[in-house]
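As provided, start27.cif (mmCIF, C-alpha atoms) reads as follows.
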data_target
loop_
_atom_site.label_atom_id
_atom_site.label_comp_id
_atom_site.auth_asym_id
_atom_site.auth_seq_id
_atom_site.Cartn_x
_atom_site.Cartn_y
_atom_site.Cartn_z
CA MET A 1 -26.37 -20.07 26.73
CA PRO A 2 -23.49 -17.62 27.23
CA ALA A 3 -20.49 -18.02 24.95
CA ALA A 4 -17.74 -20.20 26.40
CA TYR A 5 -15.11 -17.83 25.02
CA VAL A 6 -14.45 -14.10 24.75
CA PRO A 7 -15.27 -12.81 21.23
CA GLU A 8 -12.59 -10.66 19.65
CA HIS A 9 -13.03 -7.05 18.59
CA GLU A 10 -10.86 -4.64 16.60
CA ALA A 11 -10.07 -2.82 19.83
CA ASP A 12 -8.34 -5.99 21.09
CA PHE A 13 -5.14 -5.35 19.14
CA GLY A 14 -2.32 -5.39 21.69
CA GLN A 15 0.23 -4.34 19.07
CA ASN A 16 -0.86 -2.54 15.93
CA PRO A 17 0.75 -3.82 12.72
CA GLN A 18 4.32 -2.51 12.59
CA ALA A 19 7.31 -3.18 10.36
CA VAL A 20 11.05 -3.73 10.38
CA GLU A 21 13.42 -4.06 7.43
CA GLU A 22 14.96 -7.49 6.95
CA ALA A 23 18.74 -7.80 6.57
CA THR A 24 18.27 -11.31 5.21
CA LEU A 25 15.36 -11.96 2.87
CA GLY A 26 12.54 -13.69 4.71
CA THR A 27 14.22 -13.58 8.14
CA THR A 28 12.89 -11.32 10.89
CA PRO A 29 15.83 -9.66 12.65
CA ALA A 30 16.60 -10.70 16.22
CA SER A 31 15.57 -8.12 18.83
CA PRO A 32 14.29 -5.75 16.12
CA THR A 33 13.27 -2.13 16.44
CA PHE A 34 9.95 -1.73 14.66
CA PHE A 35 8.64 1.42 13.00
CA GLU A 36 5.08 2.70 12.73
CA ILE A 37 3.38 2.14 9.37
CA GLY A 38 0.75 4.85 9.81
CA LYS A 39 -2.56 5.41 11.52
CA ILE A 40 -4.03 2.09 10.34
CA HIS A 41 -7.78 1.91 9.82
CA THR A 42 -8.08 -1.37 7.88
CA PHE A 43 -5.97 -4.54 8.05
CA ASN A 44 -6.81 -7.78 6.28
CA VAL A 45 -4.78 -10.97 6.00
CA THR A 46 -5.36 -13.68 3.38
CA HIS A 47 -3.87 -17.18 3.63
CA ASP A 48 -4.37 -19.39 0.58
CA THR A 49 -3.50 -23.07 0.82
CA LEU A 50 -2.46 -23.85 -2.73
CA ASN A 51 -3.51 -27.28 -3.97
CA HIS A 52 -3.95 -29.44 -7.02
CA THR A 53 -7.14 -31.44 -7.40
CA PHE A 54 -7.23 -34.88 -8.99
CA ARG A 55 -10.10 -36.64 -10.73
CA VAL A 56 -10.24 -40.17 -12.16
CA LEU A 57 -12.31 -41.84 -14.79
CA GLY A 58 -15.39 -43.64 -13.53
CA SER A 59 -16.26 -41.20 -10.72
CA GLU A 60 -18.21 -37.97 -10.77
CA ASP A 61 -16.62 -36.85 -7.51
CA LEU A 62 -13.28 -35.36 -6.69
CA LEU A 63 -10.64 -37.95 -5.81
CA LYS A 64 -8.19 -35.86 -3.80
CA ALA A 65 -6.76 -32.40 -3.24
CA VAL A 66 -3.00 -32.31 -2.60
CA LYS A 67 -1.35 -29.33 -0.94
CA THR A 68 1.24 -27.71 -3.18
CA GLY A 69 2.10 -24.51 -1.36
CA GLU A 70 1.03 -21.53 0.71
CA ALA A 71 0.40 -17.93 -0.28
CA PHE A 72 -0.01 -14.95 2.04
CA ALA A 73 -1.26 -11.44 1.31
CA ILE A 74 -1.98 -8.39 3.46
CA GLN A 75 -4.20 -5.45 2.60
CA LEU A 76 -3.95 -2.38 4.80
CA GLY A 77 -5.17 1.18 4.77
CA TYR A 78 -3.82 4.03 6.83
CA ALA A 79 -3.76 7.76 7.30
CA MET A 80 -0.30 9.01 6.38
CA PHE A 81 1.84 11.05 8.77
CA ASN A 82 5.27 10.28 7.27
CA THR A 83 6.71 8.59 4.18
CA GLN A 84 8.79 5.74 5.62
CA PHE A 85 6.52 2.81 4.83
CA ALA A 86 5.13 4.18 1.55
CA LYS A 87 8.64 4.55 0.08
CA TYR A 88 9.07 0.76 0.23
CA GLY A 89 6.31 0.47 -2.36
CA ILE A 90 6.54 3.60 -4.47
CA ASN A 91 10.16 4.49 -5.15
CA ALA A 92 12.36 2.96 -7.85
CA ARG A 93 14.59 -0.08 -7.53
CA GLY A 94 18.26 0.44 -6.78
CA ALA A 95 17.94 2.69 -3.73
CA GLY A 96 18.90 -0.04 -1.24
CA ALA A 97 17.70 0.32 2.34
CA GLY A 98 14.27 1.88 2.67
CA SER A 99 13.15 0.88 -0.83
CA ILE A 100 11.55 -2.00 -2.75
CA ASP A 101 15.02 -3.57 -2.82
CA LYS A 102 14.49 -4.65 0.78
CA SER A 103 11.88 -6.94 2.29
CA LEU A 104 10.03 -6.28 5.53
CA SER A 105 8.73 -8.25 8.46
CA ILE A 106 5.35 -7.09 9.77
CA LEU A 107 4.26 -7.96 13.31
CA TRP A 108 0.90 -7.61 15.01
CA ALA A 109 -0.70 -8.95 18.18
CA HIS A 110 -4.35 -9.32 19.10
CA LYS A 111 -6.34 -11.13 21.73
CA VAL A 112 -7.84 -14.51 20.95
CA ASN A 113 -10.21 -15.61 23.71
CA ALA A 114 -8.73 -12.84 25.91
CA ALA A 115 -5.13 -14.08 25.45
CA LEU A 116 -2.68 -11.95 23.47
CA GLN A 117 -1.35 -13.75 20.37
CA TYR A 118 1.50 -12.58 18.12
CA GLU A 119 1.77 -13.09 14.37
CA ILE A 120 4.65 -12.18 12.06
CA ALA A 121 4.60 -12.03 8.27
CA SER A 122 8.05 -12.14 6.67
CA MET A 123 9.45 -11.50 3.18
CA CYS A 124 6.87 -8.73 2.78
CA ARG A 125 6.96 -6.46 -0.25
CA ILE A 126 4.33 -3.97 -1.36
CA ASN A 127 2.79 -5.04 -4.66
CA THR A 128 0.15 -2.39 -5.35
CA GLY A 129 -1.10 0.73 -3.64
CA SER A 130 -2.59 4.18 -3.86
CA ILE A 131 -2.37 7.58 -2.22
CA SER A 132 -5.68 9.46 -2.26
CA ILE A 133 -5.73 13.09 -1.15
CA THR A 134 -8.90 15.02 -0.32
CA PRO A 135 -9.41 18.08 1.87
CA ASP A 136 -10.10 15.73 4.81
CA MET A 137 -7.43 13.03 4.53
CA VAL A 138 -4.31 11.62 2.92
CA ASP A 139 -5.36 7.98 2.67
CA VAL A 140 -2.92 5.22 1.72
CA ASN A 141 -3.94 1.71 0.72
CA MET A 142 -1.46 -1.11 0.11
CA THR A 143 -1.51 -4.74 -0.97
CA ILE A 144 1.45 -6.77 0.25
CA ILE A 145 2.77 -10.18 -0.79
CA ALA A 146 4.42 -12.08 2.06
CA GLY A 147 6.61 -15.16 1.85
CA ASN A 148 5.49 -16.69 5.12
CA LYS A 149 3.46 -16.03 8.25
CA THR A 150 3.75 -17.53 11.71
CA ALA A 151 0.82 -19.17 13.44
CA PRO A 152 -0.68 -17.15 16.33
CA ASN A 153 1.45 -17.62 19.43
CA ALA A 154 1.58 -16.17 22.93
CA ALA A 155 5.36 -15.70 22.46
CA HIS A 156 6.78 -13.56 19.66
CA GLY A 157 10.17 -15.33 19.74
CA LEU A 158 12.15 -12.21 18.82
CA GLY A 159 14.39 -11.77 21.84
CA SER A 160 14.03 -8.21 23.09
CA PRO A 161 12.14 -6.31 20.40
CA VAL A 162 11.38 -2.61 20.60
CA PHE A 163 7.74 -2.17 19.70
CA ILE A 164 6.36 1.12 18.41
CA THR A 165 5.13 3.93 20.57
CA PRO A 166 2.34 5.42 18.42
CA SER A 167 3.30 8.85 17.11
CA ALA A 168 1.45 11.87 18.48
CA VAL A 169 1.97 13.70 15.17
CA ASP A 170 -1.24 14.62 13.37
CA PRO A 171 -1.95 12.69 10.16
CA PHE A 172 -1.73 14.70 6.95
CA VAL A 173 -4.87 16.24 5.46
CA GLY A 174 -5.50 18.10 2.22
CA PHE A 175 -4.44 21.37 3.86
CA SER A 176 -1.01 19.96 4.78
CA GLY A 177 0.41 20.52 1.29
CA GLY A 178 -0.24 24.24 1.35
CA ALA A 179 -1.61 26.39 -1.46
CA ASN A 180 -1.26 25.15 -5.03
CA PRO A 181 -0.08 21.64 -4.16
CA LEU A 182 -0.18 20.45 -7.80
CA THR A 183 2.34 21.85 -10.25
CA HIS A 184 1.87 20.64 -13.82
CA ASN A 185 4.22 21.96 -16.49
CA SER A 186 5.13 24.80 -14.08
CA LEU A 187 1.45 25.80 -13.75
CA ASN A 188 -0.75 25.51 -10.65
CA TYR A 189 -4.35 24.39 -10.33
CA ASP A 190 -6.89 24.16 -7.53
CA ILE A 191 -7.31 20.45 -6.83
CA PRO A 192 -10.20 19.03 -4.74
CA THR A 193 -8.97 15.43 -5.13
CA PHE A 194 -5.73 13.80 -6.26
CA THR A 195 -4.97 10.08 -6.50
CA MET A 196 -1.77 8.28 -7.44
CA ASN A 197 -1.79 4.50 -8.01
CA PHE A 198 1.22 2.24 -8.40
CA ALA A 199 1.84 -1.41 -9.22
CA ARG A 200 5.18 -3.21 -8.80
CA ASN A 201 4.14 -6.48 -10.46
CA LEU A 202 6.00 -8.60 -7.95
CA HIS A 203 7.06 -12.03 -9.18
CA ALA A 204 6.26 -14.55 -6.46
CA VAL A 205 8.91 -17.16 -7.25
CA ARG A 206 7.74 -20.74 -6.62
CA VAL A 207 10.13 -23.68 -7.04
CA ASN A 208 9.90 -27.42 -6.59
CA GLY A 209 10.61 -28.69 -3.10
CA GLN A 210 9.42 -25.52 -1.32
CA LEU A 211 5.94 -24.85 0.07
CA ASN A 212 6.55 -21.09 0.24
CA ILE A 213 7.89 -18.65 -2.31
CA ILE A 214 11.64 -18.07 -2.27
CA ASP A 215 11.52 -14.43 -3.40
CA ASN A 216 9.09 -11.76 -4.61
CA PRO A 217 11.14 -9.19 -6.55
CA SER A 218 9.69 -6.15 -8.30
CA THR A 219 9.56 -6.39 -12.09
CA ILE A 220 7.96 -3.41 -13.89
CA ARG A 221 6.56 -0.30 -12.21
CA VAL A 222 3.29 1.22 -13.41
CA ILE A 223 2.21 4.70 -12.28
CA ASP A 224 -1.21 6.18 -12.96
CA GLY A 225 -4.00 8.09 -11.27
CA SER A 226 -6.51 10.89 -11.57
CA PHE A 227 -7.27 14.35 -10.26
CA ASP A 228 -10.10 16.85 -10.26
CA ALA A 229 -9.23 20.42 -11.20
CA VAL A 230 -11.30 23.56 -10.90
CA ARG A 231 -11.46 24.79 -14.47
CA LYS A 232 -9.58 28.02 -15.06
CA ASP A 233 -8.23 27.59 -18.62
CA GLN A 234 -8.02 25.12 -21.51
CA ILE A 235 -4.36 24.11 -21.07
CA LEU A 236 -4.95 20.76 -19.36
CA LYS A 237 -7.60 19.92 -21.94
CA ALA A 238 -5.11 20.65 -24.73
CA ASP A 239 -2.48 18.50 -23.02
CA ALA A 240 -4.96 15.65 -22.79
CA ARG A 241 -5.68 15.85 -26.50
CA SER A 242 -2.01 16.04 -27.50
CA LEU A 243 -0.83 13.47 -24.91
CA ALA A 244 1.90 15.94 -23.98
CA ARG A 245 4.48 14.64 -21.52
CA ARG A 246 4.96 17.06 -18.64
CA ALA A 247 6.96 17.40 -15.47
CA ALA A 248 4.61 17.44 -12.47
CA ALA A 249 4.72 17.37 -8.69
CA TYR A 250 2.22 17.15 -5.88
CA THR A 251 3.13 18.47 -2.41
CA ILE A 252 1.56 16.24 0.23
CA ALA A 253 2.87 18.12 3.26
CA SER A 254 5.36 20.80 4.19
CA GLY A 255 8.96 19.73 4.39
CA PRO A 256 8.39 19.25 1.53
CA ILE A 257 6.89 15.79 1.33
CA SER A 258 6.00 15.38 -2.31
CA LEU A 259 5.42 13.14 -5.30
CA THR A 260 7.61 14.15 -8.24
CA PHE A 261 6.58 12.80 -11.63
CA VAL A 262 8.64 12.42 -14.78
CA ASP A 263 6.71 12.53 -18.07
CA MET A 264 3.18 12.69 -16.73
CA PHE A 265 0.73 12.50 -19.59
CA ILE A 266 -3.01 13.07 -19.36
CA GLN A 267 -4.85 10.37 -21.27
CA GLN A 268 -8.43 10.99 -20.24
CA LEU A 269 -10.69 13.96 -19.60
CA GLN A 270 -14.19 13.71 -18.16
CA GLU A 271 -16.51 16.73 -18.34
CA GLY A 272 -19.98 16.74 -16.82
CA TYR A 273 -22.84 19.23 -16.89
CA GLY A 274 -26.31 19.21 -15.37
CA ALA A 275 -29.05 21.82 -15.54
CA ALA A 276 -29.79 21.37 -11.83
CA ASP A 277 -26.15 21.36 -10.69
CA THR A 278 -25.34 23.83 -7.91
CA GLU A 279 -21.55 23.37 -7.97
CA ILE A 280 -18.80 24.99 -10.00
CA ILE A 281 -17.27 23.13 -12.93
CA GLU A 282 -14.52 20.67 -12.13
CA ASP A 283 -12.83 18.51 -14.75
CA THR A 284 -11.54 15.02 -14.02
CA TYR A 285 -8.26 13.98 -15.62
CA GLY A 286 -6.76 10.51 -15.80
CA TYR A 287 -2.99 10.28 -16.17
CA GLU A 288 -0.02 7.96 -16.42
CA ALA A 289 3.61 8.77 -15.73
CA ALA A 290 6.93 7.31 -16.72
CA SER A 291 8.18 7.41 -13.12
CA VAL A 292 7.59 8.92 -9.70
CA GLN A 293 9.64 9.62 -6.59
CA LEU A 294 8.26 10.09 -3.07
CA THR A 295 10.52 12.42 -1.11
CA GLY A 296 10.54 13.82 2.41
#
Before we go any further, please render this structure as structure tokens.
Amino acid sequence: MPAAYVPEHEADFGQNPQAVEEATLGTTPASPTFFEIGKIHTFNVTHDTLNHTFRVLGSEDLLKAVKTGEAFAIQLGYAMFNTQFAKYGINARGAGAGSIDKSLSILWAHKVNAALQYEIASMCRINTGSISITPDMVDVNMTIIAGNKTAPNAAHGLGSPVFITPSAVDPFVGFSGGANPLTHNSLNYDIPTFTMNFARNLHAVRVNGQLNIIDNPSTIRVIDGSFDAVRKDQILKADARSLARRAAAYTIASGPISLTFVDMFIQQLQEGYGAADTEIIEDTYGYEAASVQLTG
């Protein structure tokens, strides 16, 4: 028999996920103006109903599960064309608007059984993420902790919001950063791949009497990553062995849009050789850094 409903497809998004900064933690502004996150290619939402299970003597089966709270997370991946959203996850505390200091509301709308339904996640902060740069793409992946999420509804309830008009600007690719995008200790290297990871170690604050978290502040920031370099000298290898702390920067796109590192230190070197290999030698370096700043 034919389905009695219209199955949903990824193309049925009526509004791509988009964000607005919250003036009050956990409260979506009235009549907000949203901004575009990026050219989103993956979007996943997780809703965990937190509970405590009870067992009693004399029974092999579970007695009861009691709801104790709710937890919401979002994972998204996108092709980068500007830095606005990424700065909320990467840059240091204390910068105020446009940084981890502020929470976001994220809205999206998709069709359920052919009817457009809106959802809004509030008190959103970016917990972990990465920027991966290859010749073909600047790919950003983020994991977000949200304080709450509305149930799907035909009405968004936001007054007169201004939704995004998708940008016509091309996403960044590996060519966007120009020649010699990596500078390490004032030296340049040819880089086929570069990845920067970050973790903000958000503390999802749960208290008695509340089903949802009351805050999710950033605690400690961890910066690490890896890059492949076409071998031209032994300097990076020596730095890896000595754990030398170096100034470094990677230009993502002209402007410049760049990642600037303080005290980057190479802690791992991988070399590989094969008698049947038909490619030039590239070394893979793993690094950590004391801090990083995304500018542009």
| field | Matched chain/residue IDs from the PyMOL selection byres ((chain A and resi 85) around 10), as a list in words | value |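 For this structure, the PyMOL selection byres ((chain A and resi 85) around 10) captures Gln18, Ala19, Val20, Phe35, Glu36, Ile37, Gly38, Met80, Asn82, Thr83, Gln84, Ala86, Lys87, Tyr88, Gly89, Ile90, Gly98, Ser99, Leu104 and Ile126 of chain A.
The list of residues with at least one atom within 10 Å of A:Ile144, based on only C-alpha atoms and without residues fewer than 3 positions apart in the same chain, reads Val45, Phe72, Ala73, Ile74, Gln75, Leu76, Gly89, Met123, Cys124, Arg125, Ile126, Asn127, Thr128, Gly129, Gly147 and Leu202 of chain A.
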| said: Selection in question (the file shown): the PyMOL selection byres ((chain A and resi 49) around 10). Which residues does it include, as a ChimeraX atom specification? | reply: /A:46-48,50-51,66-72,211
| Close residues, A:Gly178 itself excluded, 8 Å, only C-alpha atoms, min 5 positions apart in chain, as a ChimeraX atom specification | /A:251,253-254
| query | Which residue gives the smallest distance to A:Ile100 among A:Ser258, A:Thr42, A:Thr27, A:Asn201, with only C-alpha atoms counted? | reply |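 Nearest to A:Ile100: A:Asn201.
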| field | Distance query A:Pro7 at most 12 Å, all atoms listed in the file, self and fewer than 3 positions along chain excluded, as an NGL selection string | value | :A and (2-4 or 10-12 or 110-115)
| said: Running the PyMOL selection byres ((chain A and resi 157) around 10) on this model by hand, what would come out? Give it as a list in words. | reply: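 Checking the PyMOL selection byres ((chain A and resi 157) around 10) against this file, the residues are Ala30, Ser31, Tyr118, Ile120, Asn153, Ala154, Ala155, His156, Leu158, Gly159, Ser160 and Pro161 of chain A.
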Could you write out the selected residues, including C-alpha atoms, as a JSON list (two decimals), in the frame of the given file?
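After the write, part-v2.json holds the following:
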[["chain", "number", "residue", "atom", "x", "y", "z"],
["A", 30, "ALA", "CA", 16.60, -10.70, 16.22],
["A", 31, "SER", "CA", 15.57, -8.12, 18.83],
["A", 118, "TYR", "CA", 1.50, -12.58, 18.12],
["A", 120, "ILE", "CA", 4.65, -12.18, 12.06],
["A", 153, "ASN", "CA", 1.45, -17.62, 19.43],
["A", 154, "ALA", "CA", 1.58, -16.17, 22.93],
["A", 155, "ALA", "CA", 5.36, -15.70, 22.46],
["A", 156, "HIS", "CA", 6.78, -13.56, 19.66],
["A", 158, "LEU", "CA", 12.15, -12.21, 18.82],
["A", 159, "GLY", "CA", 14.39, -11.77, 21.84],
["A", 160, "SER", "CA", 14.03, -8.21, 23.09],
["A", 161, "PRO", "CA", 12.14, -6.31, 20.40]]
| field | A:Arg231 surroundings by only C-alpha atoms, 10 Å radius, close-in-sequence under 2 positions cut, as a VMD selection string | value | chain A and resid 189 to 191 228 to 229 233 to 237 280 to 284
| said: With all atoms listed in the file as the counted atoms, please give the residues lying no more than 12 Å from A:Arg55, apart from itself and same-chain residues fewer than 5 positions off, as a ChimeraX atom specification. | reply: /A:60-66
Enumerate, in order of chain and increasing residue number, the residues of stretch 163-239 of chain A with an atom no farther than 7 Å from stretch 285-294 of chain A, each with its shortest atom pair and distance in Å to one decimal, counting only C-alpha atoms, as JSON lines.
{"residue": "A:Ile223", "atom": "CA", "partner": "A:Ala289", "partner_atom": "CA", "distance": 5.5}
{"residue": "A:Asp224", "atom": "CA", "partner": "A:Glu288", "partner_atom": "CA", "distance": 4.1}
{"residue": "A:Gly225", "atom": "CA", "partner": "A:Tyr287", "partner_atom": "CA", "distance": 5.5}
{"residue": "A:Ser226", "atom": "CA", "partner": "A:Gly286", "partner_atom": "CA", "distance": 4.3}
{"residue": "A:Phe227", "atom": "CA", "partner": "A:Tyr285", "partner_atom": "CA", "distance": 5.5}
{"residue": "A:Asp228", "atom": "CA", "partner": "A:Tyr285", "partner_atom": "CA", "distance": 6.4}
Padding 3 Å on every side, please: axis-aligned box over the listed atoms of stretch 228-237 of chain A, centre and edge lengths to one decimal in Å, as lines of an AutoDock Vina configuration file.
center_x = -7.9
center_y = 22.4
center_z = -16.1
size_x = 13.1
size_y = 17.2
size_z = 17.7
| request: To one decimal in Å, tell me the separation between atom CA of A:Leu182 and atom CA of A:Asn91. | output: 19.2 Å
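Each of A:Lys102, A:His41, A:Arg246, A:Lys232 was compared to A:Asp215 using only C-alpha atoms, and A:Lys102 turns out to be the nearest.
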| Hey, can you check how far atom CA of A:Asp263 sits from atom CA of A:Ala248? |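 Interatomic distance here is 7.7 Å.
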| request: Go ahead and compute the interatomic distance for atom CA of A:Glu119 and atom CA of A:Asn44, in Å to one decimal. | output: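 Value for the atom CA of A:Glu119-atom CA of A:Asn44 distance: 12.9 Å.
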| message | I need the residue nearest A:Glu271 from this list: A:Ala109, A:Val230, A:Phe163, A:Leu25. Use only C-alpha atoms for the distance. | response |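 Closest residue, counting only C-alpha atoms: A:Val230.
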| Pick from A:Ile106, A:Leu259, A:Ile252, A:Val222: nearest to A:Pro29, with only C-alpha atoms counted? |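 Comparing A:Ile106, A:Leu259, A:Ile252, A:Val222 against A:Pro29, the winner is A:Ile106.
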| Which of these, A:Gln15, A:Leu116, A:Tyr5, A:Ala121, has the shortest distance to A:Thr28 once you count only C-alpha atoms? | A:Ala121
